[in-house]
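Asker: Okay, so here is coords-v5.csv, and as you'll see once you scroll down, it has CSV, C-alpha atoms.
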chain,number,residue,atom,x,y,z
X,1,MET,CA,-3.4,21.2,-8.3
X,2,THR,CA,-0.2,22.9,-9.8
X,3,LYS,CA,3.3,23.3,-8.5
X,4,LYS,CA,2.3,26.8,-7.5
X,5,GLN,CA,-1.0,26.1,-5.7
X,6,ALA,CA,-3.2,23.4,-4.4
X,7,LEU,CA,-6.8,23.5,-3.3
X,8,VAL,CA,-7.6,21.5,-0.1
X,9,HIS,CA,-11.3,20.7,0.3
X,10,LEU,CA,-12.7,19.9,3.8
X,11,ASP,CA,-15.9,18.1,4.6
X,12,LEU,CA,-16.6,18.1,8.3
X,13,GLU,CA,-19.3,16.7,10.5
X,14,VAL,CA,-19.8,18.3,13.9
X,15,LEU,CA,-22.1,17.0,16.6
X,16,GLY,CA,-23.3,19.2,19.5
X,17,GLU,CA,-25.7,21.8,20.9
X,18,GLY,CA,-25.2,25.5,21.2
X,19,ASP,CA,-22.9,28.2,19.9
X,20,TYR,CA,-19.2,27.6,19.3
X,21,THR,CA,-16.2,28.8,17.4
X,22,LEU,CA,-14.7,26.5,14.8
X,23,LEU,CA,-11.0,26.8,14.1
X,24,ASN,CA,-9.2,25.0,11.3
X,25,GLU,CA,-5.5,25.2,10.9
X,26,ILE,CA,-3.3,23.6,8.2
X,27,ILE,CA,0.2,22.8,9.3
X,28,ASP,CA,2.9,22.0,6.7
X,29,PRO,CA,5.4,19.1,6.8
X,30,ASN,CA,7.9,21.3,8.7
X,31,GLY,CA,5.4,21.9,11.5
X,32,LYS,CA,4.6,25.5,10.4
X,33,GLN,CA,1.0,26.8,10.3
X,34,ILE,CA,0.5,28.1,6.8
X,35,THR,CA,-3.2,29.0,6.8
X,36,GLN,CA,-6.2,29.0,9.2
X,37,SER,CA,-9.9,29.9,9.3
X,38,SER,CA,-12.2,30.7,12.2
X,39,LYS,CA,-15.9,31.1,12.2
X,40,SER,CA,-18.9,31.0,14.6
X,41,ILE,CA,-21.3,28.0,14.3
X,42,SER,CA,-24.6,27.2,15.9
X,43,LEU,CA,-25.2,23.5,16.5
X,44,ASN,CA,-28.5,21.7,16.9
X,45,GLY,CA,-27.4,18.0,16.6
X,46,LYS,CA,-25.2,16.9,13.7
X,47,GLU,CA,-24.1,19.5,11.2
X,48,LYS,CA,-22.2,19.1,8.0
X,49,LEU,CA,-19.7,21.9,7.1
X,50,SER,CA,-17.5,22.4,4.1
X,51,GLU,CA,-14.5,24.7,3.5
X,52,ASP,CA,-11.7,25.2,1.0
X,53,PHE,CA,-8.1,26.2,1.6
X,54,LYS,CA,-5.4,27.3,-0.8
X,55,VAL,CA,-1.9,26.0,-0.2
X,56,THR,CA,0.8,27.8,-2.1
X,57,LYS,CA,3.9,26.0,-3.4
X,58,PRO,CA,2.7,22.6,-1.9
X,59,GLN,CA,5.2,20.0,-0.9
X,60,LEU,CA,3.8,17.0,-2.8
X,61,TRP,CA,3.3,13.5,-1.4
X,62,ASP,CA,5.3,11.1,-3.4
X,63,ILE,CA,7.0,7.7,-3.2
X,64,LYS,CA,10.4,9.2,-2.5
X,65,THR,CA,9.2,12.3,-0.7
X,66,PRO,CA,6.1,11.4,1.3
X,67,HIS,CA,5.4,14.9,2.6
X,68,LEU,CA,2.4,15.0,5.0
X,69,TYR,CA,0.3,18.0,6.1
X,70,LYS,CA,-1.9,18.2,9.2
X,71,LEU,CA,-5.3,19.7,9.5
X,72,LYS,CA,-6.0,20.7,13.1
X,73,THR,CA,-9.7,21.2,13.9
X,74,SER,CA,-10.6,22.8,17.2
X,75,ILE,CA,-14.0,23.7,18.7
X,76,LEU,CA,-14.0,26.5,21.3
X,77,LYS,CA,-16.7,27.7,23.7
X,78,ASN,CA,-16.2,31.3,25.0
X,79,GLY,CA,-12.5,31.0,24.0
X,80,ASN,CA,-12.0,27.7,25.8
X,81,LEU,CA,-11.0,24.5,24.0
X,82,VAL,CA,-13.8,22.0,24.0
X,83,ASP,CA,-12.5,19.4,21.5
X,84,SER,CA,-9.8,19.0,18.8
X,85,TYR,CA,-8.9,16.6,16.1
X,86,ILE,CA,-5.8,16.2,13.9
X,87,THR,CA,-6.1,14.8,10.4
X,88,ASN,CA,-3.0,13.9,8.4
X,89,PHE,CA,-3.2,14.3,4.7
X,90,GLY,CA,-1.0,14.6,1.6
X,91,ILE,CA,-1.2,16.7,-1.5
X,92,ARG,CA,-0.7,14.8,-4.7
X,93,SER,CA,-2.4,14.0,-8.0
X,94,ILE,CA,-3.1,10.6,-9.4
X,95,ARG,CA,-4.6,9.3,-12.6
X,96,PHE,CA,-4.8,6.2,-14.7
X,97,GLU,CA,-4.2,6.2,-18.4
X,98,LEU,CA,-4.1,3.3,-20.9
X,99,ASP,CA,-0.3,3.3,-20.7
X,100,GLY,CA,-0.2,3.2,-16.9
X,101,PHE,CA,-0.5,5.0,-13.5
X,102,TYR,CA,0.6,8.6,-13.1
X,103,LEU,CA,1.6,10.1,-9.7
X,104,ASN,CA,2.0,13.9,-9.8
X,105,ASP,CA,2.0,13.6,-13.6
X,106,LYS,CA,4.9,11.2,-13.6
X,107,LYS,CA,4.4,7.7,-14.9
X,108,THR,CA,4.9,5.3,-12.0
X,109,ARG,CA,5.1,1.5,-12.4
X,110,PHE,CA,3.6,-0.6,-9.6
X,111,LYS,CA,6.1,-2.9,-8.0
X,112,GLY,CA,3.7,-4.4,-5.7
X,113,VAL,CA,2.8,-7.3,-3.4
X,114,ASN,CA,-0.4,-8.8,-2.1
X,115,MET,CA,-0.5,-9.0,1.7
X,116,HIS,CA,-2.6,-9.0,4.8
X,117,HIS,CA,-1.6,-6.9,7.8
X,118,ASP,CA,-1.0,-9.9,10.0
X,119,PHE,CA,2.4,-11.4,10.9
X,120,GLY,CA,2.2,-15.1,10.4
X,121,PRO,CA,2.9,-16.9,13.7
X,122,VAL,CA,2.7,-13.7,15.6
X,123,GLY,CA,-1.0,-13.5,14.9
X,124,ALA,CA,-3.5,-11.0,13.4
X,125,ALA,CA,-3.3,-8.3,16.1
X,126,PHE,CA,-1.4,-5.4,14.7
X,127,HIS,CA,2.0,-4.4,15.9
X,128,LYS,CA,3.4,-1.2,14.5
X,129,GLU,CA,7.0,-2.1,15.1
X,130,LEU,CA,6.7,-5.3,13.2
X,131,PHE,CA,4.9,-3.7,10.3
X,132,VAL,CA,7.5,-0.9,10.0
X,133,ARG,CA,10.2,-3.7,10.0
X,134,GLN,CA,8.3,-5.5,7.3
X,135,MET,CA,7.8,-2.4,5.2
X,136,LYS,CA,11.5,-1.5,5.4
X,137,LYS,CA,12.4,-5.0,4.1
X,138,MET,CA,9.8,-4.5,1.3
X,139,LYS,CA,11.2,-1.2,0.3
X,140,ASP,CA,14.7,-2.7,0.3
X,141,MET,CA,13.4,-5.3,-2.2
X,142,GLY,CA,12.1,-2.5,-4.4
X,143,VAL,CA,8.4,-2.7,-3.4
X,144,ASN,CA,6.4,0.5,-3.8
X,145,ALA,CA,2.8,-0.7,-3.6
X,146,ILE,CA,0.6,-3.0,-1.5
X,147,ARG,CA,-2.7,-4.6,-2.3
X,148,PHE,CA,-4.3,-5.3,1.1
X,149,SER,CA,-6.3,-8.4,0.6
X,150,HIS,CA,-9.1,-9.4,0.8
X,151,ASN,CA,-11.4,-8.0,3.4
X,152,PRO,CA,-12.1,-4.6,4.8
X,153,PRO,CA,-10.1,-2.9,6.0
X,154,PRO,CA,-6.4,-3.1,7.0
X,155,ALA,CA,-5.4,-1.7,10.4
X,156,PRO,CA,-5.5,2.1,10.2
X,157,GLU,CA,-1.9,2.1,11.6
X,158,ALA,CA,-0.8,0.1,8.5
X,159,LEU,CA,-2.1,2.9,6.2
X,160,ASP,CA,-0.5,5.5,8.4
X,161,ILE,CA,2.8,3.8,7.9
X,162,CYS,CA,2.2,3.6,4.1
X,163,ASP,CA,1.6,7.3,4.2
X,164,GLU,CA,4.8,8.0,6.2
X,165,MET,CA,7.0,5.7,4.1
X,166,GLY,CA,5.7,6.5,0.6
X,167,ILE,CA,4.1,3.2,-0.2
X,168,LEU,CA,1.1,3.1,-2.6
X,169,ALA,CA,-1.9,1.1,-1.3
X,170,ILE,CA,-5.1,-0.5,-2.5
X,171,ASP,CA,-7.9,-1.0,0.0
X,172,GLU,CA,-9.9,-4.1,-0.8
X,173,ALA,CA,-13.4,-4.9,0.5
X,174,PHE,CA,-14.6,-8.4,-0.2
X,175,ASP,CA,-13.5,-11.9,-1.1
X,176,GLU,CA,-17.2,-13.0,-1.5
X,177,TRP,CA,-20.4,-11.3,-2.7
X,178,GLN,CA,-23.7,-13.2,-2.8
X,179,LEU,CA,-22.1,-16.4,-4.0
X,180,GLY,CA,-20.0,-18.0,-1.4
X,181,LYS,CA,-16.7,-19.9,-1.6
X,182,VAL,CA,-17.0,-21.5,1.8
X,183,LEU,CA,-19.9,-22.6,3.9
X,184,ASN,CA,-19.7,-19.9,6.5
X,185,GLY,CA,-18.3,-17.0,4.5
X,186,TYR,CA,-19.2,-13.3,4.0
X,187,SER,CA,-21.8,-14.2,1.4
X,188,LYS,CA,-24.2,-15.0,4.3
X,189,GLN,CA,-23.9,-11.3,5.4
X,190,PHE,CA,-23.4,-9.6,2.1
X,191,ASP,CA,-27.0,-8.4,1.4
X,192,LEU,CA,-27.3,-7.0,5.0
X,193,TRP,CA,-23.8,-5.5,5.5
X,194,ALA,CA,-22.0,-4.9,2.2
X,195,LYS,CA,-23.1,-1.3,1.7
X,196,LYS,CA,-22.2,-0.3,5.3
X,197,ASP,CA,-18.9,-2.2,5.4
X,198,LEU,CA,-17.8,-0.7,2.0
X,199,SER,CA,-18.9,2.7,3.0
X,200,ASP,CA,-17.3,2.6,6.4
X,201,MET,CA,-14.0,1.5,4.8
X,202,ILE,CA,-14.0,4.4,2.4
X,203,LEU,CA,-15.0,7.0,5.0
X,204,ARG,CA,-12.4,5.8,7.4
X,205,ASP,CA,-9.5,5.7,4.9
X,206,ARG,CA,-10.1,8.3,2.2
X,207,ASN,CA,-7.8,10.9,3.8
X,208,HIS,CA,-4.8,8.6,3.3
X,209,PRO,CA,-2.7,9.8,0.4
X,210,SER,CA,-1.2,6.4,0.0
X,211,ILE,CA,-4.5,4.9,-1.2
X,212,VAL,CA,-4.8,5.1,-5.0
X,213,MET,CA,-7.6,2.5,-5.6
X,214,TRP,CA,-10.6,1.0,-3.9
X,215,SER,CA,-11.1,-2.7,-4.7
X,216,ILE,CA,-14.6,-4.0,-4.5
X,217,GLY,CA,-13.7,-7.7,-4.7
X,218,ASN,CA,-11.3,-10.5,-5.2
X,219,GLU,CA,-11.9,-13.6,-7.4
X,220,ILE,CA,-15.6,-13.4,-6.7
X,221,MET,CA,-17.8,-16.3,-7.9
X,222,GLU,CA,-20.2,-14.1,-9.7
X,223,GLN,CA,-17.6,-14.0,-12.5
X,224,TYR,CA,-18.8,-17.5,-13.6
X,225,GLN,CA,-22.4,-16.5,-13.8
X,226,HIS,CA,-21.7,-13.2,-15.5
X,227,ASP,CA,-22.8,-11.2,-12.5
X,228,PRO,CA,-26.6,-11.8,-12.7
X,229,ASN,CA,-27.5,-9.3,-10.1
X,230,ASN,CA,-25.2,-6.6,-11.4
X,231,ILE,CA,-23.3,-6.3,-8.1
X,232,THR,CA,-20.2,-4.9,-9.8
X,233,ALA,CA,-22.2,-1.7,-10.7
X,234,TYR,CA,-23.9,-1.7,-7.3
X,235,LEU,CA,-20.7,-1.6,-5.4
X,236,ASN,CA,-19.0,0.7,-7.9
X,237,ASP,CA,-21.7,3.2,-7.4
X,238,ILE,CA,-21.4,3.1,-3.6
X,239,VAL,CA,-17.7,4.0,-3.9
X,240,LYS,CA,-18.4,6.9,-6.3
X,241,THR,CA,-21.0,8.4,-4.0
X,242,LEU,CA,-18.2,8.7,-1.3
X,243,ASP,CA,-15.0,9.3,-3.3
X,244,THR,CA,-14.5,10.3,-6.9
X,245,THR,CA,-10.8,11.1,-6.6
X,246,ARG,CA,-9.6,7.5,-6.8
X,247,ALA,CA,-10.2,4.6,-9.2
X,248,THR,CA,-12.3,1.5,-8.5
X,249,THR,CA,-10.9,-1.9,-9.2
X,250,ALA,CA,-11.4,-5.6,-8.6
X,251,GLY,CA,-9.2,-8.7,-8.8
X,252,PHE,CA,-10.6,-11.0,-11.6
X,253,ASN,CA,-9.1,-14.4,-11.9
X,254,SER,CA,-11.4,-15.4,-14.8
X,255,ALA,CA,-10.4,-12.8,-17.3
X,256,ASN,CA,-12.6,-14.1,-20.1
X,257,ASN,CA,-15.8,-14.1,-18.0
X,258,ALA,CA,-15.1,-10.7,-16.5
X,259,LEU,CA,-14.5,-9.3,-19.9
X,260,GLU,CA,-17.4,-10.9,-21.7
X,261,SER,CA,-19.9,-10.0,-18.9
X,262,GLY,CA,-18.7,-6.3,-18.8
X,263,MET,CA,-17.6,-6.6,-15.1
X,264,ALA,CA,-14.1,-5.7,-16.1
X,265,ALA,CA,-15.3,-2.6,-17.9
X,266,THR,CA,-17.6,-1.5,-15.0
X,267,VAL,CA,-14.7,-0.7,-12.7
X,268,ASP,CA,-12.3,2.1,-13.6
X,269,VAL,CA,-9.2,-0.2,-13.7
X,270,ALA,CA,-9.6,-3.9,-14.0
X,271,GLY,CA,-7.3,-6.2,-12.1
X,272,PHE,CA,-6.4,-9.5,-13.6
X,273,ASN,CA,-4.9,-12.3,-11.6
X,274,TYR,CA,-2.1,-14.5,-13.0
X,275,LYS,CA,-0.8,-15.6,-16.4
X,276,PRO,CA,0.7,-12.3,-17.5
X,277,GLY,CA,2.7,-14.0,-20.2
X,278,GLY,CA,-0.2,-15.8,-21.8
X,279,ILE,CA,-3.2,-13.5,-21.4
X,280,TYR,CA,-2.4,-9.8,-20.8
X,281,HIS,CA,-1.1,-9.0,-24.3
X,282,LYS,CA,-4.3,-10.6,-25.8
X,283,ILE,CA,-6.5,-8.5,-23.5
X,284,ARG,CA,-4.8,-5.3,-24.8
X,285,GLU,CA,-5.2,-6.6,-28.4
X,286,HIS,CA,-8.9,-7.2,-28.1
X,287,TYR,CA,-9.8,-4.5,-25.6
X,288,PRO,CA,-7.6,-1.5,-26.6
X,289,ASN,CA,-9.4,1.0,-24.5
X,290,LEU,CA,-9.5,-1.0,-21.3
X,291,LYS,CA,-7.4,0.1,-18.3
X,292,PHE,CA,-6.1,-2.9,-16.4
X,293,TYR,CA,-3.2,-4.0,-14.3
X,294,ALA,CA,-1.7,-7.3,-12.8
X,295,SER,CA,-3.4,-7.6,-9.5
X,296,GLU,CA,-1.8,-11.0,-8.7
X,297,THR,CA,0.9,-12.8,-10.6
X,298,GLY,CA,3.5,-14.6,-8.5
X,299,GLY,CA,2.8,-17.9,-6.9
X,300,ALA,CA,5.4,-20.4,-5.9
X,301,LEU,CA,6.1,-23.6,-3.9
X,302,SER,CA,8.6,-23.9,-1.1
X,303,THR,CA,9.5,-26.2,1.8
X,304,ARG,CA,10.4,-24.3,4.9
X,305,ASN,CA,14.0,-24.7,6.1
X,306,SER,CA,14.8,-26.9,3.1
X,307,TYR,CA,18.0,-25.3,1.7
X,308,LYS,CA,19.2,-27.3,-1.2
X,309,PHE,CA,22.3,-26.9,-3.4
X,310,PRO,CA,22.9,-26.3,-6.1
X,311,VAL,CA,19.9,-23.9,-6.4
X,312,VAL,CA,18.0,-24.8,-9.5
X,313,PHE,CA,15.5,-22.4,-11.2
X,314,ASP,CA,12.6,-23.9,-13.1
X,315,THR,CA,12.6,-21.5,-16.0
X,316,LEU,CA,11.1,-23.8,-18.5
X,317,GLN,CA,7.5,-22.8,-19.1
X,318,ASN,CA,4.7,-23.7,-21.5
X,319,LYS,CA,2.7,-21.2,-23.6
X,320,ARG,CA,0.4,-20.4,-20.7
X,321,GLY,CA,3.3,-19.4,-18.5
X,322,THR,CA,3.1,-22.5,-16.2
X,323,SER,CA,6.3,-24.4,-15.2
X,324,VAL,CA,6.8,-27.6,-17.2
X,325,ASN,CA,8.7,-29.2,-14.4
X,326,THR,CA,7.0,-29.9,-11.0
X,327,GLU,CA,9.9,-31.3,-9.1
X,328,LEU,CA,13.4,-29.9,-9.1
X,329,TYR,CA,15.1,-32.4,-6.7
X,330,ALA,CA,15.0,-36.1,-6.4
X,331,ASP,CA,13.2,-36.2,-3.1
X,332,GLY,CA,10.3,-34.2,-4.6
X,333,GLN,CA,10.8,-31.2,-2.3
X,334,PRO,CA,11.2,-27.8,-4.0
X,335,GLY,CA,13.5,-26.2,-1.5
X,336,ASN,CA,13.0,-22.9,0.3
X,337,TYR,CA,13.8,-20.5,-2.5
X,338,GLU,CA,10.4,-20.3,-4.2
X,339,ASN,CA,11.9,-21.2,-7.5
X,340,THR,CA,9.0,-23.4,-8.7
X,341,ASN,CA,5.7,-21.7,-9.5
X,342,VAL,CA,2.3,-23.1,-8.8
X,343,PRO,CA,0.2,-24.1,-11.8
X,344,TRP,CA,-1.9,-20.9,-11.8
X,345,GLY,CA,0.9,-18.5,-11.2
X,346,VAL,CA,4.4,-17.5,-12.2
X,347,MET,CA,7.7,-17.5,-10.3
X,348,HIS,CA,8.8,-14.5,-8.3
X,349,HIS,CA,12.1,-14.6,-10.3
X,350,THR,CA,12.2,-13.0,-13.7
X,351,LYS,CA,14.0,-14.5,-16.6
X,352,ASN,CA,16.8,-12.6,-18.3
Would you mind writing the file out in C-alpha cells?
Answerer:
Amino acid sequence: MTKKQALVHLDLEVLGEGDYTLLNEIIDPNGKQITQSSKSISLNGKEKLSEDFKVTKPQLWDIKTPHLYKLKTSILKNGNLVDSYITNFGIRSIRFELDGFYLNDKKTRFKGVNMHHDFGPVGAAFHKELFVRQMKKMKDMGVNAIRFSHNPPPAPEALDICDEMGILAIDEAFDEWQLGKVLNGYSKQFDLWAKKDLSDMILRDRNHPSIVMWSIGNEIMEQYQHDPNNITAYLNDIVKTLDTTRATTAGFNSANNALESGMAATVDVAGFNYKPGGIYHKIREHYPNLKFYASETGGALSTRNSYKFPVVFDTLQNKRGTSVNTELYADGQPGNYENTNVPWGVMHHTKN
C-alpha cells in the first residue's frame, strides 16, 4: 500500500448450483463506486474464488479519520439479482517494531482499556446506543484502543462501532486453555472446541480495520508449568493459517515464566499484565529483541457512592509499584475515586 495506490484482495466462498454472474463493486467512503468486476461462474456446491482490486489514492482508515469502504457482492441469474452482500472494510497499514506500533507508518501509542461488551447492571445483551455512548465517553477521556477480554468474541456491532469511530481493538479468545481456573470453565471444552472457536472468531472479524491483534489467551495457567503441551504454538499457528496481516498476542501475568518458557517469544507481540514500573524496563534490558506491550496495568479500589473530601491520592509506592498505604480514610473506605491501587496493579492516575 502507498498513498497513490492500494491492493484489495478478496477471498470469497459461494454456495449454489448452476450458472451465474458474479458482480463485485467497491464503493468509496463518499458512496461513489470506484471499481467493479463481473464474470460468469459455474457452481457445483461450495466454490472458493479470489480476486484483486486496485484502489488509487486510497482514503486511509485511521484513528482520526476512520474512512470505510464497502464491497458489494451480487449474484445474478439471467440478469436478475439472486443474492447480495455488503462488506465494510478499511485501507490501512499496521506493523509492530521494537519501539512501538505503527499505523499508516506513523508511530501510535496505545491509550487503551480492557473491557467486555456488557453494560454492568443493564446486562450482557448488546445495545448499540449504550456502546456508542460508552465509546464517546472513552474517546473524550483520550482512549484510542480496546482489549476485548477474555472470551471469543465481542458483539460484531461493537467492532462495527470501533471501525466507525476510529478505535483500535484486540480480539481475545480464551481465559483458560487445558488447565482450568474454575471447576466448570472453558478448560473442559478446550480440546474439543478451541480450534473451531478461535477460527470462527478470526473468520468472522478479520475484515474489521479496527482489529490490530489477535489474542490467544489471558493469564492462562499453563504459564506456571511452562506450557508442557506447547499450546501457545498450537494456537499461534491456527491464527497464522487464517490471517497473516495482524500480530498474535497473549496477556501474561507471570512474566518470568512466560519469558523463560518461550511462550512470550512465540507470539508476535507479548502482552504483560501489571507492574510497569518494576518489571517492564528489566524485560527490555534482558530481552532487547522482544516486542511487548502493557496488556493490563491499572487496578484500583473504590466504594460506590462514597464521596470523601478532601480527595487523597495514595502516590507512595514501593519498588514493585504497589501502594504502601492501604487505607486513605479513618473508616477504612477508599472512596469512589479509585485513588488506591490493588496490590497487583497501579493507580489509574499518573504521578507528575
Asker: So which residues touch X:Leu23 within 7 Å, counting all atoms listed in the file, skipping near sequence neighbours fewer than 3 positions away, as a list of chain:residue names?
Answerer: X:Ser37, X:Ser38, X:Lys39, X:Thr73, X:Ser74, X:Ile75
Asker: Rounded to one decimal, what separation in Å do you get between atom CA of X:Asn305 and atom CA of X:Tyr337?
Answerer: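 Going from atom CA of X:Asn305 over to atom CA of X:Tyr337 covers 9.6 Å.
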Asker: Near X:Asp243, counting all atoms listed in the file, which residues have an atom at most 10 Å away, once you skip same-chain residues fewer than 4 positions from it, shown as an MDAnalysis selection string?
Answerer: chainID X and resid 199 202:203 206 214 237:239 247:248
Asker: Fewer than 6 positions away in the same chain doesn't count, so skip those; otherwise give me all residues within 7 Å of stretch 89-103 of chain X, counting all atoms listed in the file, as an NGL selection string.
Answerer: :X and (60-61 or 67-70 or 109 or 207-209 or 289-291)
Asker: From the set X:Asn44, X:Thr244, X:Gln59, X:Gln178, which residue has the shortest atom-to-atom contact distance to X:Lys3, counting only C-alpha atoms?
Answerer: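 Nearest to X:Lys3: X:Gln59.
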Asker: Dig up all the protein and nucleic acid residues within 10 Å of (-11.8, -14.4, -22.7) in the file frame, using all atoms listed in the file, and format them as a tab-separated table (two decimals) with C-alpha atoms, in the frame of the given file.
Answerer:
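Saved to point23.tsv:
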chain	number	residue	atom	x	y	z
X	254	SER	CA	-11.40	-15.40	-14.80
X	255	ALA	CA	-10.40	-12.80	-17.30
X	256	ASN	CA	-12.60	-14.10	-20.10
X	257	ASN	CA	-15.80	-14.10	-18.00
X	258	ALA	CA	-15.10	-10.70	-16.50
X	259	LEU	CA	-14.50	-9.30	-19.90
X	260	GLU	CA	-17.40	-10.90	-21.70
X	261	SER	CA	-19.90	-10.00	-18.90
X	279	ILE	CA	-3.20	-13.50	-21.40
X	282	LYS	CA	-4.30	-10.60	-25.80
X	283	ILE	CA	-6.50	-8.50	-23.50
X	286	HIS	CA	-8.90	-7.20	-28.10
Asker: Choose the residue, out of X:Tyr234, X:Tyr307, X:Tyr293, X:Phe126, that has the smallest atom-to-atom separation from X:Ala158; count only C-alpha atoms.
Answerer: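 Counting only C-alpha atoms, the residue closest to X:Ala158 is X:Phe126.
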Asker: Around (-23.2, 31.5, 12.2), as given in the file, which residues come within 12 Å? Count all atoms listed in the file and list them as a ChimeraX atom specification.
Answerer: /X:18-22,38-43,49
Asker: Can you write out the residues you just picked, keeping C-alpha atoms, as a PDB file, keeping the file's coordinate frame?
Answerer:
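Result went into part33.pdb, see below:
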ATOM      1  CA  GLY X  18     -25.200  25.500  21.200  1.00  0.00           C
ATOM      2  CA  ASP X  19     -22.900  28.200  19.900  1.00  0.00           C
ATOM      3  CA  TYR X  20     -19.200  27.600  19.300  1.00  0.00           C
ATOM      4  CA  THR X  21     -16.200  28.800  17.400  1.00  0.00           C
ATOM      5  CA  LEU X  22     -14.700  26.500  14.800  1.00  0.00           C
ATOM      6  CA  SER X  38     -12.200  30.700  12.200  1.00  0.00           C
ATOM      7  CA  LYS X  39     -15.900  31.100  12.200  1.00  0.00           C
ATOM      8  CA  SER X  40     -18.900  31.000  14.600  1.00  0.00           C
ATOM      9  CA  ILE X  41     -21.300  28.000  14.300  1.00  0.00           C
ATOM     10  CA  SER X  42     -24.600  27.200  15.900  1.00  0.00           C
ATOM     11  CA  LEU X  43     -25.200  23.500  16.500  1.00  0.00           C
ATOM     12  CA  LEU X  49     -19.700  21.900   7.100  1.00  0.00           C
TER      13      LEU X  49
END
Asker: What is the distance, in Å and to one decimal place, between atom CA of X:Asn144 and atom CA of X:Thr303?
Answerer: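 One can read the atom CA of X:Asn144 to atom CA of X:Thr303 distance as 27.5 Å.
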Asker: I'd like to know which of X:Ala194, X:Val55, X:Val143, X:Ala330 is closest to X:Lys4, using only C-alpha atoms.
Answerer: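 Of X:Ala194, X:Val55, X:Val143, X:Ala330, the one nearest X:Lys4, counting only C-alpha atoms, is X:Val55.
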Asker: Report, in Å to a single decimal, how far apart atom CA of X:Asp11 and atom CA of X:Ser50 are.
Answerer: 4.6 Å
Asker: Restricting the calculation to only C-alpha atoms, which member of X:Leu235, X:Val182, X:Leu130, X:Val346 is positioned closest to X:Glu296?
Answerer: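 Looking at the shortest contact to X:Glu296, the residue is X:Val346.
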Asker: Measuring atom to atom with all atoms listed in the file, identify which of X:Gly299, X:Pro334, X:Gly262, X:Gly251 is nearest to X:Met213.
Answerer: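 For X:Met213, the nearest of the given residues is X:Gly251.
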